[in-house]
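Beneath this line is the structure, given in C-alpha cells, with notes to follow.
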Amino acid sequence: MTTTNGPLTLPVWAWQRPEVRVALKGRDIASLLKAAQQYSGASQSRVAVAIGLGQGRVSEIIRGNRTVTALDLFERIADGLDMPDDARMLLGLAPQHPAGLDHLSASGRAEILAVYPSQSTARAEIERRAGIATKIEVLAVRGLGIIGMNDSLLRSRLQLQSVAVRVLLLDPDGEAAHRRAAEIGETYGSFSAGIRLSIERLADLAGDGGNIEAHVYDILPTWRVIGLDATLFISAFGESHEGHTSPMYKLTGSPHGALHRGFHRFTDELRRTARRVV
C-alpha cells in the first residue's frame with residue numbers, strides 16, 4: 001500500500017528485474033516509470049507527486065514525447081522512487097552513502113561513487129578531474145581515445161611538466177596483441193599501428209618537456225584504467241568490445257574497501273614486469 005505523498009517504495013526484487021536493470025543502464029526513464037507504476041501499483045499522478053513533476057510532464061515522458069537528460073532530474077527521479085544504491089549507480093548516479101560514512105564502506109561497495117554507461121558519458125567528469133590532477137596514470141590497449149589523437153581525452157594535460165604521467169599500453173610486438181586483434185576482428189597490422197602511434201605521440205610529448213613515462217605489457221587486456229590522483233575510472237575489455245564502450249566505474253579509496261587498492265596493486269605489478277618505451 002502506498003501513501004499519497006512522499007517517495008514511492010518498490011519491492012526490493014523489482015530493482016533486480018532484467019527489464020528494470022536494462023532501463024537503468026540505458027537511462028530509459030519512460031520504461032523506468034512504467035515499471036515503477038507496475039511494481040508499486042501507483043497511478044501516474046502518484047508517480048508524478050513522488051518525483052516532483054506535473055502529471056502532464058510524466059505522461060509525456062512515458063509516451064516518449066519528452067526525453068530526460070538533466071542530471072538534477074535523474075536525481076529527483078532516483079529520490080522519488082526511493083532507489084537503492086546499486087540501482088542509482090546503474091543509472092549513473094553516486095550512491096547516497098559516500099565512502100567511510102556508513103556500514104557500506106565496510107563491504108567496499110561505497111568505493112564506487114558513480115557508474116557511467118560508457119566513457120563518453122563520463123567525459124565531462126574525467127576532463128574536470130584531469131584539469132586539476134597532478135598525477136595521471138593510464139592502463140589501456142592502444143590509448144588512441146585517451147592520449148593518441150589531438151582531440152583525445154587527456155591529450156591537453158600530458159605536455160605539462162607539473163603533471164606526472166605514467167602510461168601502460170599493450171605491447172605491439174607481443175603475442176597478446178595478435179590475440180586481441182583477432183578478438184575484435186582487426187588485422188594485426190592495423191591494430192598494432194594504433195599502439196605504435198600512441199607510443200610515438202607520447203615520445204614526442206616527452207621530448208617537448210612532458211613529464212611522461214610509458215611501458216608496454218604482454219597479457220590479454222581485461223581492465224582499462226584512467227587514474228587522476230586518487231580517483232580511478234575503470235572499464236573493461238570484452239571479447240568483442242573495446243573499453244570505451246563498456247560501463248565505466250568511478251572509484252575512490254575507502255578504509256576497508258578492496259577495489260581501489262586492488263587496481264593500484266595490479267597496475268603497479270603490471271608496470272614492474274612491463275617494458276619501458278618512453
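Scheme for the C-alpha cells: letters A, B, ... for chains in order shown; per-chain residue numbers from 1; ligand numbers from 1 in order shown.
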Those in stretch 146-223 of chain A with strand (DSSP E or B) from DSSP, as number ranges by chain: A: 164-170, 212-217, 223
- prompt: Using only C-alpha atoms, which residues sit within 9 Å of stretch 48-62 of chain A once same-chain residues fewer than 5 positions away are excluded, as an NGL selection string?
  reply: :A and (4-8 or 29-34 or 43 or 67-68 or 73 or 76-81)
Next, write the just-selected residues to a file, as a PDB file, in the first residue's frame, keeping N, CA, C and O atoms as the atom set.
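Saved the output as again_10.pdb:
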ATOM      1  N   THR A   4      -0.060   8.841  -0.170  1.00  0.00           N
ATOM      2  CA  THR A   4      -0.429   9.760  -1.251  1.00  0.00           C
ATOM      3  C   THR A   4       0.648  10.787  -1.526  1.00  0.00           C
ATOM      4  O   THR A   4       0.513  11.569  -2.459  1.00  0.00           O
ATOM      5  N   ASN A   5       1.690  10.819  -0.723  1.00  0.00           N
ATOM      6  CA  ASN A   5       2.808  11.718  -0.994  1.00  0.00           C
ATOM      7  C   ASN A   5       4.098  11.077  -0.501  1.00  0.00           C
ATOM      8  O   ASN A   5       4.087  10.016   0.084  1.00  0.00           O
ATOM      9  N   GLY A   6       5.210  11.780  -0.784  1.00  0.00           N
ATOM     10  CA  GLY A   6       6.500  11.217  -0.430  1.00  0.00           C
ATOM     11  C   GLY A   6       6.957  10.203  -1.465  1.00  0.00           C
ATOM     12  O   GLY A   6       6.285   9.944  -2.463  1.00  0.00           O
ATOM     13  N   PRO A   7       8.141   9.611  -1.258  1.00  0.00           N
ATOM     14  CA  PRO A   7       8.700   8.663  -2.232  1.00  0.00           C
ATOM     15  C   PRO A   7       7.838   7.415  -2.381  1.00  0.00           C
ATOM     16  O   PRO A   7       7.137   7.015  -1.455  1.00  0.00           O
ATOM     17  N   LEU A   8       7.903   6.832  -3.557  1.00  0.00           N
ATOM     18  CA  LEU A   8       7.311   5.515  -3.782  1.00  0.00           C
ATOM     19  C   LEU A   8       8.270   4.447  -3.277  1.00  0.00           C
ATOM     20  O   LEU A   8       9.480   4.623  -3.325  1.00  0.00           O
ATOM     21  N   ILE A  29      14.094   6.448 -19.032  1.00  0.00           N
ATOM     22  CA  ILE A  29      13.208   6.872 -17.948  1.00  0.00           C
ATOM     23  C   ILE A  29      11.756   6.497 -18.230  1.00  0.00           C
ATOM     24  O   ILE A  29      10.999   6.200 -17.297  1.00  0.00           O
ATOM     25  N   ALA A  30      11.344   6.482 -19.490  1.00  0.00           N
ATOM     26  CA  ALA A  30       9.978   6.077 -19.810  1.00  0.00           C
ATOM     27  C   ALA A  30       9.717   4.658 -19.312  1.00  0.00           C
ATOM     28  O   ALA A  30       8.717   4.401 -18.616  1.00  0.00           O
ATOM     29  N   SER A  31      10.614   3.736 -19.637  1.00  0.00           N
ATOM     30  CA  SER A  31      10.448   2.347 -19.191  1.00  0.00           C
ATOM     31  C   SER A  31      10.566   2.233 -17.673  1.00  0.00           C
ATOM     32  O   SER A  31       9.865   1.437 -17.042  1.00  0.00           O
ATOM     33  N   LEU A  32      11.431   3.043 -17.094  1.00  0.00           N
ATOM     34  CA  LEU A  32      11.615   3.009 -15.646  1.00  0.00           C
ATOM     35  C   LEU A  32      10.344   3.451 -14.918  1.00  0.00           C
ATOM     36  O   LEU A  32       9.923   2.828 -13.939  1.00  0.00           O
ATOM     37  N   LEU A  33       9.702   4.510 -15.406  1.00  0.00           N
ATOM     38  CA  LEU A  33       8.473   4.995 -14.760  1.00  0.00           C
ATOM     39  C   LEU A  33       7.318   4.028 -14.968  1.00  0.00           C
ATOM     40  O   LEU A  33       6.476   3.850 -14.081  1.00  0.00           O
ATOM     41  N   LYS A  34       7.269   3.376 -16.121  1.00  0.00           N
ATOM     42  CA  LYS A  34       6.249   2.344 -16.338  1.00  0.00           C
ATOM     43  C   LYS A  34       6.438   1.203 -15.351  1.00  0.00           C
ATOM     44  O   LYS A  34       5.467   0.685 -14.778  1.00  0.00           O
ATOM     45  N   SER A  43      -0.626   5.103  -9.344  1.00  0.00           N
ATOM     46  CA  SER A  43      -1.135   5.771 -10.532  1.00  0.00           C
ATOM     47  C   SER A  43      -0.072   6.689 -11.113  1.00  0.00           C
ATOM     48  O   SER A  43       0.929   7.002 -10.462  1.00  0.00           O
ATOM     49  N   THR A  67      12.220  13.693 -23.472  1.00  0.00           N
ATOM     50  CA  THR A  67      13.397  12.940 -23.050  1.00  0.00           C
ATOM     51  C   THR A  67      14.014  13.587 -21.825  1.00  0.00           C
ATOM     52  O   THR A  67      14.122  14.813 -21.747  1.00  0.00           O
ATOM     53  N   VAL A  68      14.435  12.770 -20.887  1.00  0.00           N
ATOM     54  CA  VAL A  68      15.094  13.256 -19.678  1.00  0.00           C
ATOM     55  C   VAL A  68      16.605  13.196 -19.879  1.00  0.00           C
ATOM     56  O   VAL A  68      17.162  12.133 -20.172  1.00  0.00           O
ATOM     57  N   LEU A  73      17.357  16.090 -12.672  1.00  0.00           N
ATOM     58  CA  LEU A  73      16.094  15.368 -12.808  1.00  0.00           C
ATOM     59  C   LEU A  73      16.288  13.873 -12.573  1.00  0.00           C
ATOM     60  O   LEU A  73      15.443  13.210 -11.957  1.00  0.00           O
ATOM     61  N   ARG A  76      16.235  13.555  -8.900  1.00  0.00           N
ATOM     62  CA  ARG A  76      14.876  13.655  -8.345  1.00  0.00           C
ATOM     63  C   ARG A  76      14.103  12.368  -8.563  1.00  0.00           C
ATOM     64  O   ARG A  76      13.351  11.912  -7.682  1.00  0.00           O
ATOM     65  N   ILE A  77      14.270  11.765  -9.727  1.00  0.00           N
ATOM     66  CA  ILE A  77      13.582  10.508 -10.015  1.00  0.00           C
ATOM     67  C   ILE A  77      14.106   9.405  -9.097  1.00  0.00           C
ATOM     68  O   ILE A  77      13.328   8.623  -8.534  1.00  0.00           O
ATOM     69  N   ALA A  78      15.433   9.340  -8.920  1.00  0.00           N
ATOM     70  CA  ALA A  78      16.018   8.329  -8.036  1.00  0.00           C
ATOM     71  C   ALA A  78      15.508   8.506  -6.600  1.00  0.00           C
ATOM     72  O   ALA A  78      15.159   7.529  -5.934  1.00  0.00           O
ATOM     73  N   ASP A  79      15.452   9.748  -6.135  1.00  0.00           N
ATOM     74  CA  ASP A  79      14.959  10.013  -4.777  1.00  0.00           C
ATOM     75  C   ASP A  79      13.477   9.687  -4.662  1.00  0.00           C
ATOM     76  O   ASP A  79      13.030   9.097  -3.673  1.00  0.00           O
ATOM     77  N   GLY A  80      12.722  10.066  -5.685  1.00  0.00           N
ATOM     78  CA  GLY A  80      11.278   9.860  -5.641  1.00  0.00           C
ATOM     79  C   GLY A  80      10.876   8.403  -5.692  1.00  0.00           C
ATOM     80  O   GLY A  80       9.811   8.026  -5.178  1.00  0.00           O
ATOM     81  N   LEU A  81      11.706   7.581  -6.298  1.00  0.00           N
ATOM     82  CA  LEU A  81      11.428   6.141  -6.358  1.00  0.00           C
ATOM     83  C   LEU A  81      12.153   5.375  -5.263  1.00  0.00           C
ATOM     84  O   LEU A  81      12.163   4.147  -5.273  1.00  0.00           O
TER      85      LEU A  81
END
Excluding A:Arg271 and residues on its chain fewer than 2 positions from it, collect all residues at most 9 Å away from it, counting only C-alpha atoms, and give them as a tab-separated table (two decimals) with all heavy atoms, in the first residue's frame.
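Result went into selection-v5.tsv, see below:
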chain	number	residue	atom	x	y	z
A	167	VAL	N	51.98	5.69	-18.34
A	167	VAL	CA	51.06	5.02	-19.27
A	167	VAL	C	51.49	3.58	-19.49
A	167	VAL	O	52.68	3.30	-19.66
A	167	VAL	CB	51.01	5.76	-20.63
A	167	VAL	CG1	50.09	5.04	-21.61
A	167	VAL	CG2	50.57	7.21	-20.44
A	168	LEU	N	50.52	2.68	-19.49
A	168	LEU	CA	50.73	1.28	-19.84
A	168	LEU	C	49.89	0.96	-21.07
A	168	LEU	O	48.67	1.13	-21.05
A	168	LEU	CB	50.31	0.37	-18.69
A	168	LEU	CG	51.29	0.16	-17.54
A	168	LEU	CD1	50.56	-0.33	-16.30
A	168	LEU	CD2	52.38	-0.84	-17.94
A	215	HIS	N	55.15	2.33	-20.66
A	215	HIS	CA	55.58	0.94	-20.70
A	215	HIS	C	54.60	0.15	-21.56
A	215	HIS	O	53.44	0.55	-21.74
A	215	HIS	CB	55.60	0.33	-19.30
A	215	HIS	CG	56.62	0.91	-18.38
A	215	HIS	ND1	56.46	2.17	-17.79
A	215	HIS	CD2	57.81	0.43	-17.93
A	215	HIS	CE1	57.52	2.42	-17.03
A	215	HIS	NE2	58.34	1.39	-17.09
A	216	VAL	N	55.05	-1.00	-22.06
A	216	VAL	CA	54.16	-1.90	-22.79
A	216	VAL	C	54.14	-3.26	-22.09
A	216	VAL	O	55.17	-3.73	-21.61
A	216	VAL	CB	54.57	-2.05	-24.27
A	216	VAL	CG1	54.33	-0.75	-25.02
A	216	VAL	CG2	56.02	-2.49	-24.43
A	217	TYR	N	52.96	-3.86	-22.02
A	217	TYR	CA	52.77	-5.14	-21.35
A	217	TYR	C	52.30	-6.17	-22.38
A	217	TYR	O	51.83	-5.83	-23.47
A	217	TYR	CB	51.74	-5.01	-20.22
A	217	TYR	CG	50.36	-4.60	-20.70
A	217	TYR	CD1	49.39	-5.56	-21.02
A	217	TYR	CD2	50.01	-3.25	-20.82
A	217	TYR	CE1	48.13	-5.18	-21.47
A	217	TYR	CE2	48.75	-2.88	-21.27
A	217	TYR	CZ	47.82	-3.84	-21.58
A	217	TYR	OH	46.57	-3.47	-22.03
A	266	PHE	N	47.45	-4.06	-8.95
A	266	PHE	CA	47.52	-4.71	-10.27
A	266	PHE	C	48.33	-3.88	-11.25
A	266	PHE	O	49.22	-4.39	-11.94
A	266	PHE	CB	46.10	-4.92	-10.79
A	266	PHE	CG	46.05	-5.42	-12.22
A	266	PHE	CD1	46.40	-6.72	-12.53
A	266	PHE	CD2	45.65	-4.57	-13.24
A	266	PHE	CE1	46.35	-7.17	-13.84
A	266	PHE	CE2	45.60	-5.01	-14.55
A	266	PHE	CZ	45.96	-6.32	-14.86
A	267	THR	N	48.06	-2.58	-11.33
A	267	THR	CA	48.78	-1.74	-12.29
A	267	THR	C	50.25	-1.57	-11.91
A	267	THR	O	51.12	-1.52	-12.78
A	267	THR	CB	48.11	-0.37	-12.45
A	267	THR	OG1	47.96	0.24	-11.16
A	267	THR	CG2	46.73	-0.50	-13.08
A	268	ASP	N	50.54	-1.50	-10.61
A	268	ASP	CA	51.94	-1.39	-10.18
A	268	ASP	C	52.73	-2.63	-10.57
A	268	ASP	O	53.87	-2.54	-11.03
A	268	ASP	CB	52.02	-1.17	-8.66
A	268	ASP	CG	51.61	0.23	-8.24
A	268	ASP	OD1	51.51	1.11	-9.12
A	268	ASP	OD2	51.38	0.45	-7.04
A	269	GLU	N	52.13	-3.80	-10.38
A	269	GLU	CA	52.83	-5.04	-10.72
A	269	GLU	C	52.95	-5.19	-12.24
A	269	GLU	O	53.99	-5.65	-12.74
A	269	GLU	CB	52.08	-6.24	-10.13
A	269	GLU	CG	52.68	-7.60	-10.47
A	269	GLU	CD	54.10	-7.79	-9.94
A	269	GLU	OE1	54.56	-6.98	-9.10
A	269	GLU	OE2	54.76	-8.77	-10.37
A	273	THR	N	56.65	-5.45	-14.46
A	273	THR	CA	57.03	-6.51	-15.38
A	273	THR	C	56.97	-6.08	-16.84
A	273	THR	O	57.25	-6.89	-17.73
A	273	THR	CB	56.11	-7.72	-15.19
A	273	THR	OG1	54.74	-7.33	-15.41
A	273	THR	CG2	56.22	-8.27	-13.77
A	274	ALA	N	56.61	-4.83	-17.10
A	274	ALA	CA	56.46	-4.35	-18.47
A	274	ALA	C	57.79	-3.80	-19.01
A	274	ALA	O	58.75	-3.63	-18.27
A	274	ALA	CB	55.37	-3.28	-18.54
A	275	ARG	N	57.80	-3.50	-20.29
A	275	ARG	CA	58.99	-2.97	-20.96
A	275	ARG	C	58.81	-1.45	-21.19
A	275	ARG	O	57.81	-1.03	-21.78
A	275	ARG	CB	59.19	-3.68	-22.30
A	275	ARG	CG	60.30	-3.13	-23.18
A	275	ARG	CD	60.57	-4.09	-24.34
A	275	ARG	NE	59.41	-4.30	-25.19
A	275	ARG	CZ	59.12	-3.57	-26.26
A	275	ARG	NH1	59.90	-2.55	-26.60
A	275	ARG	NH2	58.06	-3.85	-27.00
A	276	ARG	N	59.76	-0.66	-20.72
A	276	ARG	CA	59.64	0.78	-20.87
A	276	ARG	C	60.00	1.19	-22.31
A	276	ARG	O	61.00	0.74	-22.87
A	276	ARG	CB	60.54	1.53	-19.88
A	276	ARG	CG	60.34	3.04	-19.98
A	276	ARG	CD	60.94	3.79	-18.81
A	276	ARG	NE	60.72	5.23	-18.95
A	276	ARG	CZ	61.03	6.13	-18.05
A	276	ARG	NH1	61.60	5.75	-16.90
A	276	ARG	NH2	60.80	7.42	-18.25
field: Contact residues around A:Ser192 with only C-alpha atoms at 10 Å, ignoring same-chain residues under 6 positions, as a list in words
entry: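 What passes the distance filter is Val141, Arg142, Leu170, Asp171, Pro172, Asp173, Gly174, Ala177, His178, Arg180, Ala181 and Glu186 of chain A.
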message: I'd like to know which residues of stretch 77-270 of chain A are helix (DSSP H, G or I) (by DSSP, run on the backbone); could you write them as number ranges by chain?
response: A: 77-80, 85-90, 104-107, 109-111, 119-130, 144-148, 155-158, 175-183, 188-207, 243-245, 259-270
message: I need the residue nearest A:Ala36 from this list: A:Val278, A:Ala70, A:Met83, A:Val22. Use only C-alpha atoms for the distance.
response: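 Closest residue, counting only C-alpha atoms: A:Met83.
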statement: Nearest to A:Glu111, restricted to only C-alpha atoms and choosing among A:Asp218, A:Asp229, A:Glu125, A:Asp85, comes out as A:Asp85
Within 12 Å of A:Val138, counting only C-alpha atoms, which residues show up once you throw out same-chain ones fewer than 2 positions away? Write them as a short mmCIF file (atom, residue, chain, number, x, y, z; two decimals) with C-alpha atoms, in the first residue's frame, please.
data_model
loop_
_atom_site.label_atom_id
_atom_site.label_comp_id
_atom_site.auth_asym_id
_atom_site.auth_seq_id
_atom_site.Cartn_x
_atom_site.Cartn_y
_atom_site.Cartn_z
CA ALA A 130 42.10 15.85 -15.18
CA LYS A 135 49.29 12.65 -11.41
CA ILE A 136 47.77 10.79 -14.35
CA ALA A 140 44.88 0.92 -21.96
CA VAL A 141 45.37 -1.11 -25.13
CA ARG A 142 46.02 1.43 -27.87
CA GLY A 143 45.09 4.54 -25.93
CA LEU A 144 44.05 6.45 -29.04
CA GLY A 145 40.90 7.89 -27.50
CA ILE A 146 42.75 8.79 -24.30
CA ILE A 147 46.14 10.06 -25.45
CA LEU A 153 40.50 12.76 -23.70
CA LEU A 154 43.70 13.65 -21.80
CA ARG A 155 45.93 14.99 -24.57
CA LEU A 158 50.10 15.38 -20.99
CA ALA A 164 53.37 13.28 -13.79
CA VAL A 165 52.10 10.87 -16.44
CA ARG A 166 52.56 7.09 -16.46
CA VAL A 167 51.06 5.02 -19.27
CA LEU A 168 50.73 1.28 -19.84
CA LEU A 169 49.85 0.11 -23.37
CA LEU A 170 49.67 -3.31 -24.97
CA ILE A 212 55.96 11.19 -19.19
CA GLU A 213 56.95 7.56 -18.99
CA ALA A 214 55.32 4.73 -20.91
CA HIS A 215 55.58 0.94 -20.70
CA VAL A 216 54.16 -1.90 -22.79
CA TRP A 223 40.90 -3.68 -17.46
CA ARG A 224 41.12 -0.12 -18.72
CA VAL A 225 42.09 2.39 -16.04
CA ILE A 226 42.29 6.17 -16.01
CA GLY A 227 43.77 7.33 -12.70
CA LEU A 228 43.54 11.01 -11.81
CA ASP A 229 45.28 11.49 -8.48
CA THR A 231 40.25 8.82 -8.35
CA LEU A 232 40.09 5.87 -10.75
CA PHE A 233 37.81 5.48 -13.75
CA ILE A 234 37.58 1.76 -14.57
CA SER A 235 36.11 -0.03 -17.58
CA PHE A 263 43.57 -1.94 -9.01
CA HIS A 264 46.59 0.04 -7.80
CA THR A 267 48.78 -1.74 -12.29
CA ASP A 268 51.94 -1.39 -10.18
CA LEU A 270 51.99 -4.86 -14.43
CA ARG A 271 54.29 -1.86 -14.77
#
- prompt: Which residue gives the smallest distance to A:Asp82 among A:Gln38, A:Ser45, A:Gln16, A:Thr9, with only C-alpha atoms counted?
  reply: A:Thr9
